[in-house]
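Engineer: Pasting a structure here, questions to come.
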Amino acid sequence: MTTEATHPTVDRPRPQPEAATTAPAFPSGFLWGAATSAYQIEGAVREDGRGVSIWDTFCRTPGSVRNGDTGDVAADHYHRYEQDVALMAELGLGAYRLSIAWPRIQPDGRGPANPRGLDFYRALVDRLLDHGIEPWVTLYHWDLPQPLEDAGGWPHRDTAARFADYAELVYAALRDRVRWWTTLNEPGCSAFLGYGSGRHAPGVRDHAAALRAVHHLLLGHGLAVAAMRAHSPAAEIGITLDPAPITARSAAAADLDAARRIDGMKNRIFLDPLLRGAYPDDVLDEIARVAGLAHLRPGDDAVIAAPLDMLGINYYRRYVVGAGEPGPEPSPYPGAGDVVFLPQGKPQMANGWEIDATGLRDILLTVHRSYPAVPLFVTENGAAFDDRLGPDGRVSDPDRVGYLDGHFRALHEALGEGVDLRGYFVWSLLDNFEWGEGYSQRFGIVYVDYPTQRRVPKDSAHWYQAVIARNGLA
Ligand code: FCB
């Protein structure tokens, strides 16, 4: 079947290249934004009828999250969203990528919408629109209602149908004010960290369950797209993935095979069903070996390959891999227990991830060249450093400025190679709850002083503000 985007989209911005100057300039209309997610910033976990999510439960499981941190308060954005939107406006953001907490809308994961949950997001979106900031809504950024996990979670097919119902409820309530929608954020993390390595909620270690979760996340995405389009076709709908460039350590057959397997589980297991209409053969063989194929039903492929208006790409790092020996920790990825991930001696961010801006250009080029045309947005990219509030009240973060500058140059190169890239969202607007790492990692361009919840734009925020204002680098 053809997976070319044939959905009639309305007056999508089409950036026009500008005359080359020495400092990289971006096409006019290029969208500059910042991203967050609900559980990482909102707090207020027991307010206004919100139900319990798998992250609430996981945080209370001893040993799961560094320092026993939880998202109970986080950056208190639920109570401070007006101030946060004012800050975004000051920075000149063109768009803000937020996620909706499913347990605020359906505390049990099913049934009618909780009006107070919808009210919060309506108020937030209205505030953004008042300031001329485009709201970008992600429907699922990992906070599954706990009752759905108790009923089997993503490995269970019914969760896909529940997600589509939820997506339609939110879409019906907000579609009059929100034009840009993404269904899922990084389904690979939900499946392989949630059900494979168990490093994320719900903390399951079962590769067969992880592969079933992959399929039901994809199916949930496809069913949600269909439900939303049936409701009203005039929206831009996509999904956010985190594909990464995978490089083999050498040309030895075993290393190339290790790279093929990681590329299969990290990239192609999502990109191929979404954009080409089927799992790749080698990935399908592995699914059959580990989980069987009983969970794949006729017709699923077509649902999953619903045409997309855009694809979101989250980029943090390149993976250089080789064949080795199974390590002590279970691999998130089925059939990859022996694969080693090799450090390249590059500068690292605070969580140990190596910084490699060329990987951003490479993954954009790979997706552009290997898959049918779909407009791309970088929906996340950023870095954690040990930022400190100085005695002068400033947060000086030259490493983050350097990081962003390098990655913006990579974006510019990708544009120069013809990639249909429409925008960029920095991760993150605010310091926040970084999942298993708790509050130990500061990814924000705005510092959050947690004891007082005071926001202090870091130097990188001011730098980003200037980039946005001139739509280019200096
Ligand atoms: C991504 C997540 C985001 C954040 C960054 C650092 O994988 O989507 O929530 O944790 O990593």
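Just remember, in the structure tokens the first chain shown is A, the second B, etc., residues are 1-based per chain, and ligands are 1-based in the order shown.
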Report as a list of chain:residue names which protein, DNA and RNA residues come within 9 Å of ligand 1, using only C-alpha atoms and all ligand atoms.

Structural biologist: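 Checking only C-alpha atoms and all ligand atoms against ligand 1 at 9 Å gives A:Ala35, A:Thr36, A:Ser37, A:Tyr39, A:Gln40, A:His141, A:Trp142, A:Asn185, A:Glu186, A:Cys189, A:Thr240, A:Leu241, A:Asp242, A:Asn314, A:Tyr315, A:Tyr316, A:Glu380, A:Asn381, A:Gly382, A:Ala383, A:Ala384, A:Trp427, A:Ser428, A:Asn432, A:Phe433, A:Glu434, A:Trp435, A:Gln441, A:Phe443.
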
Engineer: If we count only C-alpha atoms and set the cut-off at 10 Å, which residues sit around Arg162 in chain A, ignoring sequence neighbours fewer than 4 positions away in its own chain? Please answer as a PDB file with C-alpha atoms, in the first residue's frame.

Structural biologist:
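File selection_16.pdb, as written:
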```pdb
ATOM      1  CA  GLY A 109      -8.592   5.434  31.824  1.00  0.00           C
ATOM      2  CA  ARG A 110     -12.101   5.033  30.452  1.00  0.00           C
ATOM      3  CA  GLY A 111     -15.472   6.739  30.557  1.00  0.00           C
ATOM      4  CA  LEU A 148      -5.349   0.524  32.629  1.00  0.00           C
ATOM      5  CA  ARG A 157      -4.698  -4.888  23.038  1.00  0.00           C
ATOM      6  CA  ASP A 158      -7.617  -3.130  24.706  1.00  0.00           C
ATOM      7  CA  TYR A 166      -9.273   9.305  25.187  1.00  0.00           C
ATOM      8  CA  ALA A 167      -7.701  11.012  22.157  1.00  0.00           C
ATOM      9  CA  GLY A 220      -3.400   3.043  19.551  1.00  0.00           C
ATOM     10  CA  LEU A 223      -6.848   4.266  15.954  1.00  0.00           C
ATOM     11  CA  ALA A 224      -6.491   7.702  17.531  1.00  0.00           C
TER      12      ALA A 224
END
```

Engineer: Find the residues around Val446 in chain A up to 10 Å (only C-alpha atoms counted), leave out those fewer than 2 positions away in its own chain, and share them as a ChimeraX atom specification.

Structural biologist: /A:84,87-88,395,428-432,442-444,448-449,454-462

Engineer: Those same residues - N, CA, C and O atoms - I'd like them written as a compact mmCIF listing (two decimals), in the first residue's frame.

Structural biologist:
```txt
# COMPACT_ATOMS: atom_id res chain seq x y z
N ASP A 84 4.25 30.95 33.78
CA ASP A 84 5.12 30.23 32.83
C ASP A 84 4.84 30.65 31.39
O ASP A 84 5.76 30.79 30.59
N LEU A 87 6.43 33.94 30.71
CA LEU A 87 7.87 33.75 30.48
C LEU A 87 8.13 33.31 29.04
O LEU A 87 9.05 33.79 28.37
N MET A 88 7.30 32.39 28.56
CA MET A 88 7.46 31.93 27.16
C MET A 88 7.30 33.10 26.21
O MET A 88 8.04 33.21 25.21
N VAL A 395 22.03 32.44 36.16
CA VAL A 395 22.45 31.06 35.95
C VAL A 395 23.24 31.04 34.64
O VAL A 395 22.69 31.22 33.56
N SER A 428 14.48 21.51 27.76
CA SER A 428 13.09 21.74 28.05
C SER A 428 12.90 23.21 28.41
O SER A 428 13.87 23.92 28.68
N LEU A 429 11.68 23.66 28.46
CA LEU A 429 11.46 25.03 28.94
C LEU A 429 11.98 25.18 30.36
O LEU A 429 12.72 26.10 30.68
N LEU A 430 11.57 24.24 31.23
CA LEU A 430 11.85 24.34 32.67
C LEU A 430 12.68 23.15 33.14
O LEU A 430 12.50 22.04 32.63
N ASP A 431 13.50 23.33 34.14
CA ASP A 431 14.04 22.18 34.85
C ASP A 431 12.86 21.37 35.36
O ASP A 431 11.82 21.93 35.74
N ASN A 432 13.01 20.06 35.39
CA ASN A 432 11.84 19.24 35.75
C ASN A 432 12.21 17.86 36.25
O ASN A 432 13.40 17.54 36.40
N ARG A 442 19.10 18.71 35.30
CA ARG A 442 18.44 19.97 34.93
C ARG A 442 18.55 20.18 33.42
O ARG A 442 19.60 20.53 32.91
N PHE A 443 17.46 19.97 32.72
CA PHE A 443 17.41 20.13 31.26
C PHE A 443 16.85 21.49 30.83
O PHE A 443 16.79 21.78 29.64
N GLY A 444 16.39 22.31 31.77
CA GLY A 444 15.67 23.52 31.38
C GLY A 444 16.56 24.61 30.81
O GLY A 444 17.76 24.66 31.10
N VAL A 448 14.72 26.21 37.74
CA VAL A 448 13.67 26.19 38.75
C VAL A 448 14.34 25.99 40.11
O VAL A 448 15.04 25.00 40.33
N ASP A 449 14.14 26.96 40.97
CA ASP A 449 14.65 26.85 42.34
C ASP A 449 13.56 26.10 43.12
O ASP A 449 12.58 26.71 43.56
N ARG A 454 10.88 29.47 42.29
CA ARG A 454 11.19 30.65 41.49
C ARG A 454 11.79 30.23 40.16
O ARG A 454 12.56 29.27 40.10
N ARG A 455 11.42 30.90 39.09
CA ARG A 455 11.96 30.65 37.75
C ARG A 455 13.03 31.68 37.45
O ARG A 455 12.77 32.89 37.62
N VAL A 456 14.19 31.22 36.98
CA VAL A 456 15.26 32.14 36.57
C VAL A 456 15.73 31.72 35.18
O VAL A 456 16.36 30.67 35.03
N PRO A 457 15.42 32.53 34.16
CA PRO A 457 15.92 32.17 32.82
C PRO A 457 17.45 32.07 32.86
O PRO A 457 18.12 32.98 33.35
N LYS A 458 17.96 30.95 32.36
CA LYS A 458 19.42 30.77 32.33
C LYS A 458 19.97 31.61 31.17
O LYS A 458 19.22 32.08 30.31
N ASP A 459 21.29 31.75 31.12
CA ASP A 459 21.89 32.50 30.00
C ASP A 459 21.44 31.90 28.67
O ASP A 459 21.25 32.61 27.69
N SER A 460 21.28 30.57 28.65
CA SER A 460 20.87 29.92 27.39
C SER A 460 19.48 30.38 26.95
O SER A 460 19.20 30.45 25.75
N ALA A 461 18.62 30.72 27.90
CA ALA A 461 17.29 31.22 27.54
C ALA A 461 17.42 32.56 26.85
O ALA A 461 16.76 32.83 25.83
N HIS A 462 18.28 33.42 27.38
CA HIS A 462 18.48 34.73 26.76
C HIS A 462 19.11 34.58 25.37
O HIS A 462 18.76 35.27 24.43
```

Engineer: Extract, using only C-alpha atoms, all DNA, RNA and protein residues at most 6 Å from Thr379 in chain A, discarding same-chain residues fewer than 2 positions from it, and format them as JSON, numbers by chain.

Structural biologist: {"A": [312, 313, 314, 377, 424, 425]}

Engineer: May I ask which of the residues A:Gly43, A:Gly472, A:Gly33, A:Gly153 is the closest one to Ala74 in chain A, counting only C-alpha atoms?

Structural biologist: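 So, comparing all the options, the nearest one is A:Gly43.
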
Engineer: I'd like to know which of A:Pro24, A:Pro332, A:Gly132, A:Gly438 is closest to Val204 in chain A, using only C-alpha atoms.

Structural biologist: A:Pro332

Engineer: Please provide as a list of chain:residue names all residues within 10 Å of Ala410 in chain A, with the sequence filter that same-chain residues fewer than 3 positions apart are discarded (counting only C-alpha atoms).

Structural biologist: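 Here the qualifying residues turn out to be A:Asp356, A:Ala357, A:Thr358, A:Gly359, A:Leu360, A:Arg361, A:Asp362, A:Leu364, A:Leu404, A:Asp405, A:Gly406, A:His407, A:Glu413, A:Ala414, A:Leu415, A:Gly416.
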
Engineer: For range 120-204 of chain A versus range 47-62 of chain A, which residues have an atom no more than 7 Å away, and what is each residue's nearest atom pair and distance in Å rounded to one decimal, using only C-alpha atoms, chain-then-number order, as a tab-separated table?

Structural biologist:
```
residue	atom	partner	partner_atom	distance
A:Asp143	CA	A:Ser53	CA	5.4
A:Leu144	CA	A:Ser53	CA	5.3
A:Pro145	CA	A:Ser53	CA	4.3
A:Gln146	CA	A:Ser53	CA	4.7
A:Ala201	CA	A:Phe58	CA	5.4
A:Pro202	CA	A:Ile54	CA	5.7
```

Engineer: Using only C-alpha atoms, which residues of range 143-241 of chain A come within 12 Å of range 335-344 of chain A, and what is the closest atom pair for each, with the distance in Å to one decimal? Give it as JSON lines, sorted by chain and residue number.

Structural biologist:
```
{"residue": "A:Phe192", "atom": "CA", "partner": "A:Ala336", "partner_atom": "CA", "distance": 11.9}
{"residue": "A:Gly196", "atom": "CA", "partner": "A:Gly335", "partner_atom": "CA", "distance": 11.3}
{"residue": "A:Ser197", "atom": "CA", "partner": "A:Gly337", "partner_atom": "CA", "distance": 10.7}
{"residue": "A:His207", "atom": "CA", "partner": "A:Gly335", "partner_atom": "CA", "distance": 8.9}
{"residue": "A:Ala208", "atom": "CA", "partner": "A:Gly335", "partner_atom": "CA", "distance": 10.8}
{"residue": "A:Leu211", "atom": "CA", "partner": "A:Gly335", "partner_atom": "CA", "distance": 11.3}
```

Engineer: What gap, in Å, lies between CA of Ile105 in chain A and CA of Ile133 in chain A?

Structural biologist: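 Separating CA of Ile105 in chain A from CA of Ile133 in chain A is a distance of 23.4 Å.
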
Engineer: Tell me, as a ChimeraX atom specification, which residues lie within 6 Å of range 282-296 of chain A, counting only C-alpha atoms; anything in the same chain fewer than 2 positions away does not count.

Structural biologist: /A:208,264,279-280

Engineer: Atoms to include: N, CA, C and O atoms. Write the selected residues as a PDB file, in the first residue's frame.

Structural biologist:
```pdb
ATOM      1  N   ALA A 208       8.818 -10.117  25.721  1.00  0.00           N
ATOM      2  CA  ALA A 208       7.600 -10.427  24.950  1.00  0.00           C
ATOM      3  C   ALA A 208       6.550  -9.349  25.207  1.00  0.00           C
ATOM      4  O   ALA A 208       5.886  -8.853  24.287  1.00  0.00           O
ATOM      5  N   GLY A 264      17.050  -1.923  14.215  1.00  0.00           N
ATOM      6  CA  GLY A 264      15.725  -2.547  14.072  1.00  0.00           C
ATOM      7  C   GLY A 264      14.809  -2.204  15.229  1.00  0.00           C
ATOM      8  O   GLY A 264      13.654  -1.788  15.035  1.00  0.00           O
ATOM      9  N   TYR A 279       6.093  -3.961   9.450  1.00  0.00           N
ATOM     10  CA  TYR A 279       7.360  -4.170  10.158  1.00  0.00           C
ATOM     11  C   TYR A 279       8.388  -4.692   9.150  1.00  0.00           C
ATOM     12  O   TYR A 279       8.043  -5.468   8.243  1.00  0.00           O
ATOM     13  N   PRO A 280       9.666  -4.328   9.314  1.00  0.00           N
ATOM     14  CA  PRO A 280      10.696  -4.916   8.447  1.00  0.00           C
ATOM     15  C   PRO A 280      10.815  -6.426   8.728  1.00  0.00           C
ATOM     16  O   PRO A 280      10.549  -6.876   9.853  1.00  0.00           O
TER      17      PRO A 280
END
```

Engineer: Would you mind listing what lies within 9 Å of Leu98 in chain A as a list in words, with only C-alpha atoms counted and same-chain residues fewer than 2 positions away left out?

Structural biologist: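 That gives Ala34, Ala35, Thr36, Ser37, Ala38, Tyr96, Ile100, Pro135, Trp136, Val137, Thr138 and Leu139 of chain A.
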
Engineer: When you draw a straight line from CA of Ala278 in chain A to CA of Ala151 in chain A, how long is it in Å?

Structural biologist: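 These atoms are spaced 27.8 Å apart.
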
Engineer: Which is closest to His412 in chain A among A:Asn471, A:Tyr333, A:Asp263, A:Glu325, if we use only C-alpha atoms?

Structural biologist: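 Selected residue with least distance to His412 in chain A: A:Asn471.
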
Engineer: How many Å separate CA of Arg229 in chain A from CA of Ile41 in chain A?

Structural biologist: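 If I compute the distance from CA of Arg229 in chain A to CA of Ile41 in chain A, I get 29.7 Å.
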
Engineer: From a backbone DSSP assignment, name each residue in range 230-343 of chain A labelled strand (DSSP E or B), as a list in words.

Structural biologist: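 DSSP-assigned strand (DSSP E or B) residues in range 230-343 of chain A: Glu236, Ile237, Gly238, Ile239, Thr240, Leu241, Ile246, Thr247, Ala248, Met310, Leu311, Gly312, Ile313, Asn314, Tyr319, Val320, Val321, Gly322, Ala323, Val339, Val340 and Phe341 of chain A.
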
Engineer: Since we have the selection now, will you write its residues out, keeping all heavy atoms, as a short mmCIF file (atom, residue, chain, number, x, y, z; two decimals), in the first residue's frame?

Structural biologist:
```cif
data_model
loop_
_atom_site.label_atom_id
_atom_site.label_comp_id
_atom_site.auth_asym_id
_atom_site.auth_seq_id
_atom_site.Cartn_x
_atom_site.Cartn_y
_atom_site.Cartn_z
N GLU A 236 -3.51 19.15 12.10
CA GLU A 236 -2.23 18.57 11.69
C GLU A 236 -1.91 17.51 12.73
O GLU A 236 -1.74 17.83 13.91
CB GLU A 236 -1.14 19.65 11.69
CG GLU A 236 -1.50 20.92 10.94
CD GLU A 236 -1.31 20.80 9.44
OE1 GLU A 236 -0.64 19.85 8.99
OE2 GLU A 236 -1.85 21.66 8.72
N ILE A 237 -1.83 16.25 12.30
CA ILE A 237 -1.65 15.17 13.27
C ILE A 237 -0.39 14.38 12.94
O ILE A 237 -0.13 14.03 11.79
CB ILE A 237 -2.86 14.22 13.28
CG1 ILE A 237 -4.17 15.01 13.48
CG2 ILE A 237 -2.71 13.17 14.37
CD1 ILE A 237 -5.42 14.16 13.49
N GLY A 238 0.38 14.11 13.98
CA GLY A 238 1.60 13.33 13.81
C GLY A 238 1.92 12.53 15.06
O GLY A 238 1.07 12.34 15.94
N ILE A 239 3.15 12.08 15.12
CA ILE A 239 3.63 11.29 16.25
C ILE A 239 5.08 11.70 16.47
O ILE A 239 5.74 12.15 15.53
CB ILE A 239 3.50 9.77 15.95
CG1 ILE A 239 3.92 8.91 17.15
CG2 ILE A 239 4.31 9.37 14.71
CD1 ILE A 239 3.58 7.42 16.97
N THR A 240 5.54 11.58 17.69
CA THR A 240 6.94 11.88 17.99
C THR A 240 7.70 10.59 18.30
O THR A 240 7.30 9.83 19.18
CB THR A 240 7.05 12.86 19.18
OG1 THR A 240 6.82 14.19 18.71
CG2 THR A 240 8.42 12.83 19.80
N LEU A 241 8.79 10.37 17.55
CA LEU A 241 9.67 9.22 17.78
C LEU A 241 11.04 9.72 18.22
O LEU A 241 11.32 10.92 18.12
CB LEU A 241 9.82 8.41 16.49
CG LEU A 241 8.54 7.88 15.84
CD1 LEU A 241 8.89 7.15 14.54
CD2 LEU A 241 7.78 6.94 16.78
N ILE A 246 22.63 4.97 14.27
CA ILE A 246 23.30 3.80 14.85
C ILE A 246 24.52 3.51 13.98
O ILE A 246 24.40 3.34 12.77
CB ILE A 246 22.38 2.55 14.82
CG1 ILE A 246 20.98 2.86 15.34
CG2 ILE A 246 23.04 1.39 15.55
CD1 ILE A 246 20.84 3.13 16.79
N THR A 247 25.68 3.47 14.60
CA THR A 247 26.91 3.23 13.85
C THR A 247 27.57 1.96 14.40
O THR A 247 27.68 1.80 15.62
CB THR A 247 27.89 4.41 14.06
OG1 THR A 247 27.17 5.63 13.85
CG2 THR A 247 29.05 4.36 13.10
N ALA A 248 28.00 1.09 13.49
CA ALA A 248 28.73 -0.12 13.94
C ALA A 248 30.16 0.26 14.28
O ALA A 248 30.76 1.09 13.59
CB ALA A 248 28.71 -1.17 12.84
N MET A 310 2.80 15.29 9.93
CA MET A 310 4.19 15.60 10.29
C MET A 310 4.71 14.50 11.20
O MET A 310 3.96 13.73 11.77
CB MET A 310 4.34 16.97 10.95
CG MET A 310 3.52 17.39 12.08
SD MET A 310 3.34 16.55 13.60
CE MET A 310 2.05 17.52 14.36
N LEU A 311 6.04 14.45 11.27
CA LEU A 311 6.70 13.50 12.16
C LEU A 311 7.60 14.29 13.10
O LEU A 311 8.40 15.12 12.65
CB LEU A 311 7.54 12.52 11.33
CG LEU A 311 8.38 11.52 12.11
CD1 LEU A 311 7.49 10.52 12.88
CD2 LEU A 311 9.30 10.74 11.17
N GLY A 312 7.44 14.05 14.39
CA GLY A 312 8.30 14.69 15.38
C GLY A 312 9.50 13.81 15.66
O GLY A 312 9.37 12.59 15.80
N ILE A 313 10.65 14.44 15.73
CA ILE A 313 11.89 13.70 16.02
C ILE A 313 12.53 14.27 17.27
O ILE A 313 12.80 15.48 17.34
CB ILE A 313 12.85 13.78 14.82
CG1 ILE A 313 12.19 13.01 13.66
CG2 ILE A 313 14.23 13.26 15.17
CD1 ILE A 313 13.08 12.73 12.52
N ASN A 314 12.75 13.41 18.24
CA ASN A 314 13.49 13.80 19.44
C ASN A 314 14.91 13.27 19.30
O ASN A 314 15.09 12.07 19.05
CB ASN A 314 12.87 13.18 20.70
CG ASN A 314 11.49 13.76 21.02
OD1 ASN A 314 11.03 14.69 20.35
ND2 ASN A 314 10.85 13.21 22.03
N TYR A 319 24.37 6.31 18.72
CA TYR A 319 24.79 5.06 19.35
C TYR A 319 25.84 4.39 18.49
O TYR A 319 25.60 4.11 17.32
CB TYR A 319 23.61 4.10 19.50
CG TYR A 319 22.54 4.58 20.46
CD1 TYR A 319 21.53 5.44 20.03
CD2 TYR A 319 22.54 4.18 21.79
CE1 TYR A 319 20.55 5.89 20.91
CE2 TYR A 319 21.57 4.63 22.68
CZ TYR A 319 20.58 5.49 22.23
OH TYR A 319 19.62 5.94 23.09
N VAL A 320 27.01 4.14 19.07
CA VAL A 320 28.04 3.34 18.39
C VAL A 320 28.03 1.98 19.09
O VAL A 320 28.19 1.90 20.32
CB VAL A 320 29.42 4.00 18.48
CG1 VAL A 320 30.47 3.13 17.80
CG2 VAL A 320 29.38 5.40 17.84
N VAL A 321 27.79 0.94 18.33
CA VAL A 321 27.54 -0.37 18.95
C VAL A 321 28.44 -1.44 18.35
O VAL A 321 28.96 -1.31 17.24
CB VAL A 321 26.06 -0.80 18.79
CG1 VAL A 321 25.12 0.24 19.39
CG2 VAL A 321 25.71 -1.04 17.33
N GLY A 322 28.59 -2.52 19.12
CA GLY A 322 29.33 -3.67 18.63
C GLY A 322 28.83 -4.92 19.31
O GLY A 322 28.03 -4.86 20.25
N ALA A 323 29.29 -6.05 18.81
CA ALA A 323 28.92 -7.33 19.44
C ALA A 323 29.83 -7.55 20.63
O ALA A 323 31.02 -7.25 20.58
CB ALA A 323 29.09 -8.46 18.42
N VAL A 339 24.79 -6.82 22.85
CA VAL A 339 25.27 -5.62 22.16
C VAL A 339 25.87 -4.65 23.17
O VAL A 339 25.28 -4.36 24.21
CB VAL A 339 24.12 -4.93 21.39
CG1 VAL A 339 24.61 -3.63 20.75
CG2 VAL A 339 23.54 -5.87 20.33
N VAL A 340 27.07 -4.17 22.83
CA VAL A 340 27.71 -3.17 23.71
C VAL A 340 27.60 -1.79 23.06
O VAL A 340 27.66 -1.65 21.84
CB VAL A 340 29.19 -3.52 23.99
CG1 VAL A 340 29.28 -4.70 24.93
CG2 VAL A 340 29.96 -3.82 22.70
N PHE A 341 27.40 -0.80 23.92
CA PHE A 341 27.27 0.61 23.47
C PHE A 341 28.57 1.29 23.85
O PHE A 341 28.93 1.35 25.03
CB PHE A 341 26.07 1.27 24.15
CG PHE A 341 24.76 0.68 23.70
CD1 PHE A 341 24.32 -0.54 24.19
CD2 PHE A 341 23.98 1.32 22.76
CE1 PHE A 341 23.12 -1.11 23.75
CE2 PHE A 341 22.78 0.77 22.32
CZ PHE A 341 22.35 -0.46 22.81
#
```
